[in-house]
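Contents: one structure, followed by commentary.
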Amino acid sequence: MKTPDTNYIEKLYRAYYMDVYSYLMTLVKDAHEAEELTQETFFRAMRSKASYQGKSGERTWLCAIAKNLCMDHFRRQKKKKPENVSKEVDAGIFLERDVTDRMQSLEIHQALHKLSEPYKEVFSLRVFGELSFREIGQIFGKTENWSRVTYHRGKLKLQETLEKERKNEI
């Protein structure tokens with residue numbers, strides 16, 4: 001068995017502990033159980049780090065582990081689940097996605113703020129203003145092709161910035 005990188009797991013723990021704990025609290029509604037399941041989540045993540053493919057965000061990966069542990073916990077305890085627990089688990093999945101989307105949105109906005117002009121404005125007009133490339137070109141007094149190229153270059157710069165920031169986090 002490959003030895004997990006403990007520094008990596010520590011960084012994950014510091015970065016996502018409260019997210020995972022909060023997510024589990026919405027499911028089990030008991031601080032002690034949520035704490036136990038949170039600890040078990042990071043233990044499982046440490047054991048299965050090799051299975052993390054990077055296809056989803058780390059938070060999403062950890063919350064998926066937490067959700068599975070929570071369901072196993074309910075089965076093991078043979079505890080009478082509240083009748084709406086499966087609805088809450090499903091809602092918890094959507095809540096986790098919403099939190100992830102909001103956090104990713106914040107990351108994108110912070111990276112966008114660092115982007116130079118005209119990339120920042122063209123990207124914002126296209127994504128947030130939902131303008132066509134033709135309309136963006138008209139605003140800048142340029143061609144549709146110019147706005148298209150500027151948008152795609154800005155998008156690449158934004159992706160590079162996000163990748164650099166994510167590498168710096170862990």
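Each chain of the structure tokens is named A, B, ... in the order shown, its residues numbered from 1; ligands are numbered from 1 in display order.
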
Who sits within 12 Å of Ser116 (chain A), only C-alpha atoms, same chain under 2 positions skipped, as JSON, numbers by chain:
{"A": [111, 112, 113, 114, 118, 119, 120, 121, 122, 123, 124, 150, 153, 154, 155, 157, 158, 161]}

If you keep N, CA and C atoms, can you produce a file of those selected residues as a PDB file, in the first residue's frame?
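Resulting contents of out17.pdb:
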```
ATOM      1  N   ALA A 111     -10.321  35.776  -9.239  1.00  0.00           N
ATOM      2  CA  ALA A 111      -9.351  35.656 -10.335  1.00  0.00           C
ATOM      3  C   ALA A 111      -9.691  36.644 -11.451  1.00  0.00           C
ATOM      4  N   LEU A 112     -10.975  36.821 -11.725  1.00  0.00           N
ATOM      5  CA  LEU A 112     -11.413  37.753 -12.766  1.00  0.00           C
ATOM      6  C   LEU A 112     -11.008  39.180 -12.406  1.00  0.00           C
ATOM      7  N   HIS A 113     -11.079  39.493 -11.123  1.00  0.00           N
ATOM      8  CA  HIS A 113     -10.694  40.826 -10.651  1.00  0.00           C
ATOM      9  C   HIS A 113      -9.224  41.118 -10.972  1.00  0.00           C
ATOM     10  N   LYS A 114      -8.387  40.081 -10.981  1.00  0.00           N
ATOM     11  CA  LYS A 114      -6.956  40.234 -11.255  1.00  0.00           C
ATOM     12  C   LYS A 114      -6.648  40.297 -12.749  1.00  0.00           C
ATOM     13  N   PRO A 118      -8.415  44.412 -21.871  1.00  0.00           N
ATOM     14  CA  PRO A 118      -9.871  44.358 -22.025  1.00  0.00           C
ATOM     15  C   PRO A 118     -10.444  42.984 -21.706  1.00  0.00           C
ATOM     16  N   TYR A 119      -9.558  42.037 -21.328  1.00  0.00           N
ATOM     17  CA  TYR A 119     -10.009  40.666 -21.084  1.00  0.00           C
ATOM     18  C   TYR A 119     -11.094  40.604 -20.008  1.00  0.00           C
ATOM     19  N   LYS A 120     -10.875  41.348 -18.932  1.00  0.00           N
ATOM     20  CA  LYS A 120     -11.822  41.336 -17.818  1.00  0.00           C
ATOM     21  C   LYS A 120     -13.211  41.794 -18.279  1.00  0.00           C
ATOM     22  N   GLU A 121     -13.255  42.916 -18.980  1.00  0.00           N
ATOM     23  CA  GLU A 121     -14.549  43.460 -19.387  1.00  0.00           C
ATOM     24  C   GLU A 121     -15.224  42.593 -20.445  1.00  0.00           C
ATOM     25  N   VAL A 122     -14.451  42.108 -21.408  1.00  0.00           N
ATOM     26  CA  VAL A 122     -15.033  41.263 -22.456  1.00  0.00           C
ATOM     27  C   VAL A 122     -15.591  39.980 -21.844  1.00  0.00           C
ATOM     28  N   PHE A 123     -14.827  39.368 -20.940  1.00  0.00           N
ATOM     29  CA  PHE A 123     -15.286  38.145 -20.285  1.00  0.00           C
ATOM     30  C   PHE A 123     -16.564  38.419 -19.490  1.00  0.00           C
ATOM     31  N   SER A 124     -16.574  39.509 -18.736  1.00  0.00           N
ATOM     32  CA  SER A 124     -17.752  39.859 -17.929  1.00  0.00           C
ATOM     33  C   SER A 124     -18.969  40.133 -18.797  1.00  0.00           C
ATOM     34  N   THR A 150     -10.537  37.869 -28.014  1.00  0.00           N
ATOM     35  CA  THR A 150     -10.247  38.473 -26.711  1.00  0.00           C
ATOM     36  C   THR A 150     -10.910  37.682 -25.583  1.00  0.00           C
ATOM     37  N   ARG A 153      -8.974  34.340 -25.137  1.00  0.00           N
ATOM     38  CA  ARG A 153      -7.679  34.595 -24.492  1.00  0.00           C
ATOM     39  C   ARG A 153      -7.887  34.922 -23.007  1.00  0.00           C
ATOM     40  N   GLY A 154      -8.889  35.721 -22.709  1.00  0.00           N
ATOM     41  CA  GLY A 154      -9.199  36.050 -21.320  1.00  0.00           C
ATOM     42  C   GLY A 154      -9.586  34.816 -20.525  1.00  0.00           C
ATOM     43  N   LYS A 155     -10.362  33.947 -21.159  1.00  0.00           N
ATOM     44  CA  LYS A 155     -10.778  32.699 -20.495  1.00  0.00           C
ATOM     45  C   LYS A 155      -9.558  31.836 -20.173  1.00  0.00           C
ATOM     46  N   LYS A 157      -6.450  32.924 -19.721  1.00  0.00           N
ATOM     47  CA  LYS A 157      -5.719  33.603 -18.648  1.00  0.00           C
ATOM     48  C   LYS A 157      -6.397  33.368 -17.299  1.00  0.00           C
ATOM     49  N   LEU A 158      -7.710  33.392 -17.298  1.00  0.00           N
ATOM     50  CA  LEU A 158      -8.480  33.149 -16.077  1.00  0.00           C
ATOM     51  C   LEU A 158      -8.249  31.726 -15.574  1.00  0.00           C
ATOM     52  N   THR A 161      -4.817  31.459 -14.026  1.00  0.00           N
ATOM     53  CA  THR A 161      -4.804  32.094 -12.702  1.00  0.00           C
ATOM     54  C   THR A 161      -5.440  31.180 -11.665  1.00  0.00           C
TER      55      THR A 161
END
```

Within 6 Å of region 131-136 of chain A, counting only C-alpha atoms, which residues qualify if same-chain residues fewer than 4 places away don't, as a ChimeraX atom specification?
/A:125-126,144,147-148

Keeping N, CA, C and O atoms for every residue in the selection just given, could you write it to a file as an mmCIF file, in the first residue's frame?
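Output saved as out_37.cif:
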```cif
data_model
loop_
_atom_site.group_PDB
_atom_site.id
_atom_site.type_symbol
_atom_site.label_atom_id
_atom_site.label_comp_id
_atom_site.auth_asym_id
_atom_site.auth_seq_id
_atom_site.Cartn_x
_atom_site.Cartn_y
_atom_site.Cartn_z
ATOM 1 N N LEU A 125 -18.782 40.868 -19.888
ATOM 2 C CA LEU A 125 -19.909 41.160 -20.780
ATOM 3 C C LEU A 125 -20.464 39.889 -21.403
ATOM 4 O O LEU A 125 -21.681 39.729 -21.544
ATOM 5 N N ARG A 126 -19.575 38.975 -21.752
ATOM 6 C CA ARG A 126 -20.012 37.729 -22.389
ATOM 7 C C ARG A 126 -20.714 36.810 -21.389
ATOM 8 O O ARG A 126 -21.798 36.293 -21.647
ATOM 9 N N GLU A 144 -16.432 41.530 -34.514
ATOM 10 C CA GLU A 144 -16.948 40.368 -33.782
ATOM 11 C C GLU A 144 -15.811 39.386 -33.520
ATOM 12 O O GLU A 144 -15.716 38.806 -32.436
ATOM 13 N N SER A 147 -13.662 40.403 -30.552
ATOM 14 C CA SER A 147 -14.271 40.114 -29.247
ATOM 15 C C SER A 147 -14.213 38.618 -28.945
ATOM 16 O O SER A 147 -13.993 38.231 -27.805
ATOM 17 N N ARG A 148 -14.376 37.797 -29.958
ATOM 18 C CA ARG A 148 -14.304 36.344 -29.773
ATOM 19 C C ARG A 148 -12.895 35.922 -29.323
ATOM 20 O O ARG A 148 -12.729 35.175 -28.354
#
```
